[in-house]
Amino acid sequence: MKAVLYETFAQAPKLVTLPDPDPEPHGVVLKVEATGVCRSDWHGWMGHDPDITLPHVPGHELAGTVLATGRDVRRWKKGDRVTVPFVGGCGACPECHAGHQQVCENQFQPGFTHWGSFAEFVGIHQADLNLVALPETMGFATAASLGCRFATSFRGVVDQGRVSAGEWVAVHGCGGVGLSAIMIANAVGAQVVAIDITDDKLALARDLGAVATVNAATEADVAEAVVEITGGGAHLSIDALGHPVTCFNSIQNLRRRGRHVQIGLMLADHATPKVPMARVIGWELEILGSHGMQAHRYGAMLDMVRSGKLAPDRLVGKEISLEESIAALTQMDRFEGVGATVVTRF
């Protein structure tokens, strides 16, 4: 198969030919029809993720068709159109038994714990537990964004954030995760303030339902600006980027008893951000993490897509080739793209 491979962290990957994967007894091999280029892949390529063993094939936002199944797989057959959460469960640990596959004690992540989807084919473990059937009307480019950005945002806003209609929601960072969160919060009736450093992303945030925007590149005090817009602070605030500044601002702009959800990864030098702990205690603020979404929760999200309340296709930006994914991956830290960049040509 053709695949993108890197043998050294932070050194340019190469387009190479590798052996095709075989399905495990409990797994499947997918023909990759689309795969997103995500900042998490950039973190992995930079060497920030201890699960990665070199040489490595990145890629974890994927959609495709089942090509081959293991002998123990019962729910899936060749040709099925599927996606998969970026965190897969083992099915045997206490967290999986409780339905919390997103924090499985023995979790797997394509593109991190094993070779990922920047390739023509990818192997997926525990297929009966972790695969998600796609609606026939959903294109693969749109579906590829569900496994990480959109599904992660859905759980962050709905399950972890417990958003309610009429609440104020602040979203810090208008990349793929942030734009997804804006669309989802708007769909359930919340009032969204979008924060970013570029006007084109803020314009798209307004198109997706944000009622107000703050340009953090020109605003002297982002948190105070959000407090003023919301008349006292956000009920729910989300750091969709993952940076000490956005994390601090997201907590600082909450009203009393507000909820901060950290979705953006905080790795390497950013792993221990400054937190206004006196305010967390005095105002009884909640600080919550959000790490993907279980396969069994996709139904609620896909129902909202079918009804037209959510339109993840609007978040797809450029569609590129597998070869072009190398430049897209290595330049992720420039934050130049609007919407999700998706590989659709292999």
# chains A, B, ... in the order shown; residues from 1 in each chain; ligands from 1
>>> closest_atom_pairs(of="segment 112-195 of chain A", to="segment 66-76 of chain A", cutoff="10 Å", atoms="only C-alpha atoms", output="CSV")
residue,atom,partner,partner_atom,distance
A:Phe121,CA,A:Leu67,CA,8.5
A:Val122,CA,A:Leu67,CA,9.7
A:Gly123,CA,A:Ala68,CA,9.4
A:Ile124,CA,A:Thr69,CA,9.8
A:His125,CA,A:Gly70,CA,9.6
A:Gln126,CA,A:Val73,CA,8.2
A:Ala127,CA,A:Val73,CA,6.8
A:Asp128,CA,A:Arg75,CA,5.7
A:Leu129,CA,A:Arg75,CA,9.1
A:Leu131,CA,A:Trp76,CA,8.6
A:Val132,CA,A:Trp76,CA,9.9
A:Ala133,CA,A:Trp76,CA,9.1
>>> write_last_selection(atoms="C-alpha atoms", output="PDB file, in the first residue's frame")
ATOM      1  CA  PHE A 121      -5.455   0.708   4.128  1.00  0.00           C
ATOM      2  CA  VAL A 122      -5.597   0.677   7.930  1.00  0.00           C
ATOM      3  CA  GLY A 123      -6.260  -2.017  10.537  1.00  0.00           C
ATOM      4  CA  ILE A 124      -8.824  -1.408  13.286  1.00  0.00           C
ATOM      5  CA  HIS A 125      -9.022  -3.466  16.495  1.00  0.00           C
ATOM      6  CA  GLN A 126     -12.191  -4.718  18.243  1.00  0.00           C
ATOM      7  CA  ALA A 127     -14.377  -3.848  15.262  1.00  0.00           C
ATOM      8  CA  ASP A 128     -17.705  -4.973  16.715  1.00  0.00           C
ATOM      9  CA  LEU A 129     -17.278  -2.539  19.619  1.00  0.00           C
ATOM     10  CA  LEU A 131     -16.858   0.817  14.287  1.00  0.00           C
ATOM     11  CA  VAL A 132     -19.705   3.200  13.439  1.00  0.00           C
ATOM     12  CA  ALA A 133     -21.940   2.783  10.379  1.00  0.00           C
TER      13      ALA A 133
END
>>> closest_atom_pairs(of="segment 225-262 of chain A", to="segment 183-195 of chain A", cutoff="9 Å", atoms="only C-alpha atoms", output="CSV")
residue,atom,partner,partner_atom,distance
A:Val226,CA,A:Val193,CA,7.2
A:Ile229,CA,A:Val193,CA,8.1
A:Thr230,CA,A:Val193,CA,8.2
A:Ala234,CA,A:Val193,CA,8.7
>>> write_last_selection(atoms="N, CA, C and O atoms", output="PDB file, in the first residue's frame")
ATOM      1  N   VAL A 226     -15.093  38.853  26.909  1.00  0.00           N
ATOM      2  CA  VAL A 226     -16.148  37.836  26.947  1.00  0.00           C
ATOM      3  C   VAL A 226     -17.119  38.118  28.088  1.00  0.00           C
ATOM      4  O   VAL A 226     -18.346  38.009  27.930  1.00  0.00           O
ATOM      5  N   ILE A 229     -19.434  40.908  26.962  1.00  0.00           N
ATOM      6  CA  ILE A 229     -20.400  40.473  25.948  1.00  0.00           C
ATOM      7  C   ILE A 229     -21.513  39.648  26.572  1.00  0.00           C
ATOM      8  O   ILE A 229     -22.692  39.798  26.233  1.00  0.00           O
ATOM      9  N   THR A 230     -21.149  38.774  27.511  1.00  0.00           N
ATOM     10  CA  THR A 230     -22.109  37.820  28.079  1.00  0.00           C
ATOM     11  C   THR A 230     -22.843  38.356  29.290  1.00  0.00           C
ATOM     12  O   THR A 230     -23.701  37.665  29.857  1.00  0.00           O
ATOM     13  N   ALA A 234     -19.234  33.501  30.729  1.00  0.00           N
ATOM     14  CA  ALA A 234     -19.823  32.336  30.073  1.00  0.00           C
ATOM     15  C   ALA A 234     -20.250  31.290  31.100  1.00  0.00           C
ATOM     16  O   ALA A 234     -19.609  31.117  32.130  1.00  0.00           O
TER      17      ALA A 234
END
>>> select_by_dssp(residues="segment 139-290 of chain A", states="helix (DSSP H, G or I)", output="ChimeraX atom specification")
/A:140-144,146-160,176-187,199-207,222-230,244-252,268-270,277-282
>>> residues_around(residues="segment 54-65 of chain A", least_positions_apart="4", cutoff="8 Å", atoms="only C-alpha atoms", output="compact mmCIF listing (two decimals) with N, CA and C atoms, in the first residue's frame")
# COMPACT_ATOMS: atom_id res chain seq x y z
N ALA A 3 1.68 4.83 1.56
CA ALA A 3 1.49 5.39 2.89
C ALA A 3 2.51 6.49 3.13
N VAL A 4 2.18 7.36 4.08
CA VAL A 4 3.10 8.40 4.54
C VAL A 4 3.79 7.86 5.79
N LEU A 5 5.12 7.87 5.79
CA LEU A 5 5.90 7.29 6.87
C LEU A 5 6.96 8.27 7.35
N TYR A 6 7.12 8.39 8.67
CA TYR A 6 8.29 9.11 9.18
C TYR A 6 9.08 8.19 10.09
N GLU A 7 10.42 8.31 10.00
CA GLU A 7 11.34 7.47 10.76
C GLU A 7 12.03 8.24 11.87
N THR A 8 11.89 9.57 11.86
CA THR A 8 12.48 10.44 12.88
C THR A 8 11.47 11.53 13.21
N LEU A 30 -9.67 -1.58 6.78
CA LEU A 30 -10.49 -0.63 6.03
C LEU A 30 -9.71 -0.11 4.83
N LYS A 31 -10.41 0.06 3.72
CA LYS A 31 -9.90 0.84 2.61
C LYS A 31 -10.18 2.30 2.96
N VAL A 32 -9.15 3.09 3.14
CA VAL A 32 -9.32 4.48 3.57
C VAL A 32 -9.82 5.31 2.39
N GLU A 33 -10.99 5.89 2.56
CA GLU A 33 -11.57 6.75 1.52
C GLU A 33 -11.29 8.23 1.80
N ALA A 34 -11.09 8.56 3.06
CA ALA A 34 -10.77 9.94 3.44
C ALA A 34 -10.14 9.93 4.82
N THR A 35 -9.19 10.83 5.03
CA THR A 35 -8.59 10.98 6.36
C THR A 35 -8.23 12.44 6.59
N GLY A 36 -8.57 12.95 7.75
CA GLY A 36 -8.31 14.34 8.08
C GLY A 36 -6.87 14.56 8.53
N VAL A 37 -6.40 15.78 8.35
CA VAL A 37 -5.09 16.19 8.86
C VAL A 37 -5.35 17.04 10.10
N CYS A 38 -4.96 16.52 11.24
CA CYS A 38 -5.34 17.11 12.53
C CYS A 38 -4.10 17.55 13.31
N ASP A 41 -2.13 14.90 14.99
CA ASP A 41 -1.12 14.23 14.16
C ASP A 41 0.19 15.00 14.18
N GLY A 44 1.97 14.29 17.36
CA GLY A 44 2.62 12.98 17.27
C GLY A 44 3.91 13.03 16.47
N TRP A 45 3.86 13.71 15.32
CA TRP A 45 5.04 13.84 14.46
C TRP A 45 6.16 14.60 15.16
N LYS A 78 -17.61 -6.99 4.24
CA LYS A 78 -16.90 -6.26 3.19
C LYS A 78 -17.85 -5.30 2.49
N GLY A 79 -17.38 -4.07 2.29
CA GLY A 79 -18.17 -3.05 1.61
C GLY A 79 -18.93 -2.12 2.52
N ASP A 80 -19.03 -2.43 3.81
CA ASP A 80 -19.74 -1.53 4.73
C ASP A 80 -19.00 -0.19 4.82
N ARG A 81 -19.78 0.90 4.83
CA ARG A 81 -19.23 2.25 4.95
C ARG A 81 -19.17 2.61 6.43
N VAL A 82 -17.98 2.95 6.93
CA VAL A 82 -17.83 3.12 8.37
C VAL A 82 -16.86 4.25 8.69
N THR A 83 -16.93 4.69 9.95
CA THR A 83 -15.88 5.50 10.56
C THR A 83 -15.58 4.88 11.92
N VAL A 84 -14.66 5.51 12.66
CA VAL A 84 -14.25 4.94 13.94
C VAL A 84 -13.83 6.09 14.85
N PRO A 85 -14.18 6.05 16.15
CA PRO A 85 -13.66 7.06 17.07
C PRO A 85 -12.14 7.03 17.10
N PHE A 86 -11.52 8.17 17.39
CA PHE A 86 -10.06 8.16 17.43
C PHE A 86 -9.53 7.42 18.64
N GLN A 109 -5.38 3.81 19.56
CA GLN A 109 -5.62 4.99 18.74
C GLN A 109 -4.89 4.83 17.41
N PRO A 110 -5.63 4.64 16.31
CA PRO A 110 -4.95 4.59 15.01
C PRO A 110 -4.10 5.85 14.83
N GLY A 111 -2.91 5.66 14.30
CA GLY A 111 -2.02 6.79 14.10
C GLY A 111 -1.21 7.15 15.32
N PHE A 112 -1.41 6.41 16.43
CA PHE A 112 -0.64 6.65 17.65
C PHE A 112 -0.15 5.32 18.22
N HIS A 114 -0.76 2.42 16.91
CA HIS A 114 -0.36 1.60 15.76
C HIS A 114 -0.50 2.45 14.50
N TRP A 115 -0.04 1.90 13.38
CA TRP A 115 -0.04 2.67 12.13
C TRP A 115 -1.45 3.14 11.79
N GLY A 116 -1.49 4.37 11.28
CA GLY A 116 -2.77 5.04 11.06
C GLY A 116 -3.21 5.12 9.62
N SER A 117 -4.00 6.15 9.32
CA SER A 117 -4.79 6.21 8.10
C SER A 117 -4.21 7.12 7.02
N PHE A 118 -2.97 7.60 7.16
CA PHE A 118 -2.32 8.27 6.04
C PHE A 118 -1.78 7.17 5.13
N ALA A 119 -2.69 6.38 4.63
CA ALA A 119 -2.35 5.18 3.86
C ALA A 119 -3.59 4.70 3.11
N PHE A 140 -17.57 10.72 2.31
CA PHE A 140 -16.44 10.27 3.13
C PHE A 140 -15.63 11.43 3.68
N ALA A 141 -15.48 12.52 2.93
CA ALA A 141 -14.71 13.66 3.43
C ALA A 141 -15.35 14.23 4.69
N ALA A 143 -17.39 12.50 6.70
CA ALA A 143 -17.34 11.46 7.72
C ALA A 143 -15.98 11.38 8.40
N ALA A 144 -14.92 11.71 7.64
CA ALA A 144 -13.58 11.62 8.22
C ALA A 144 -13.41 12.59 9.38
N SER A 145 -14.14 13.70 9.37
CA SER A 145 -14.01 14.69 10.44
C SER A 145 -14.77 14.28 11.70
N LEU A 146 -15.63 13.27 11.61
CA LEU A 146 -16.45 12.91 12.76
C LEU A 146 -15.65 12.25 13.87
N GLY A 147 -14.67 11.42 13.49
CA GLY A 147 -14.00 10.58 14.47
C GLY A 147 -13.18 11.35 15.49
N CYS A 148 -12.72 12.54 15.15
CA CYS A 148 -11.93 13.31 16.09
C CYS A 148 -12.60 14.65 16.36
>>> residues_around(residues="Ala340 of chain A", least_positions_apart="5", cutoff="6 Å", atoms="only C-alpha atoms", output="list in words")
Gly176, Val316 and Gly317 of chain A
>>> select_by_dssp(residues="segment 213-244 of chain A", states="strand (DSSP E)", output="list in words")
Thr213, Val214, Asn215, Ala234, His235, Leu236, Ser237, Ile238 and Asp239 of chain A
>>> write_last_selection(atoms="N, CA and C atoms", output="tab-separated table (two decimals), in the first residue's frame")
chain	number	residue	atom	x	y	z
A	213	THR	N	-17.97	37.77	18.35
A	213	THR	CA	-16.61	37.28	18.15
A	213	THR	C	-15.64	38.22	18.85
A	214	VAL	N	-14.49	37.67	19.22
A	214	VAL	CA	-13.40	38.44	19.83
A	214	VAL	C	-12.12	38.07	19.10
A	215	ASN	N	-11.42	39.07	18.56
A	215	ASN	CA	-10.13	38.83	17.94
A	215	ASN	C	-9.05	38.97	19.01
A	234	ALA	N	-19.23	33.50	30.73
A	234	ALA	CA	-19.82	32.34	30.07
A	234	ALA	C	-20.25	31.29	31.10
A	235	HIS	N	-21.35	30.61	30.79
A	235	HIS	CA	-21.75	29.45	31.60
A	235	HIS	C	-20.83	28.27	31.30
A	236	LEU	N	-20.46	28.14	30.03
A	236	LEU	CA	-19.59	27.06	29.57
A	236	LEU	C	-18.53	27.67	28.68
A	237	SER	N	-17.28	27.29	28.89
A	237	SER	CA	-16.19	27.79	28.06
A	237	SER	C	-15.30	26.63	27.65
A	238	ILE	N	-14.86	26.67	26.41
A	238	ILE	CA	-14.13	25.55	25.83
A	238	ILE	C	-12.81	26.04	25.27
A	239	ASP	N	-11.72	25.40	25.69
A	239	ASP	CA	-10.43	25.62	25.03
A	239	ASP	C	-10.32	24.57	23.94
>>> closest_residue(among="A:Gly209, A:Gly339, A:Gly292, A:Gly308", to="Val103 of chain A", atoms="only C-alpha atoms")
A:Gly292
>>> closest_residue(among="A:Thr198, A:Thr246, A:Gln294, A:Ser321", to="His270 of chain A", atoms="only C-alpha atoms")
A:Thr246
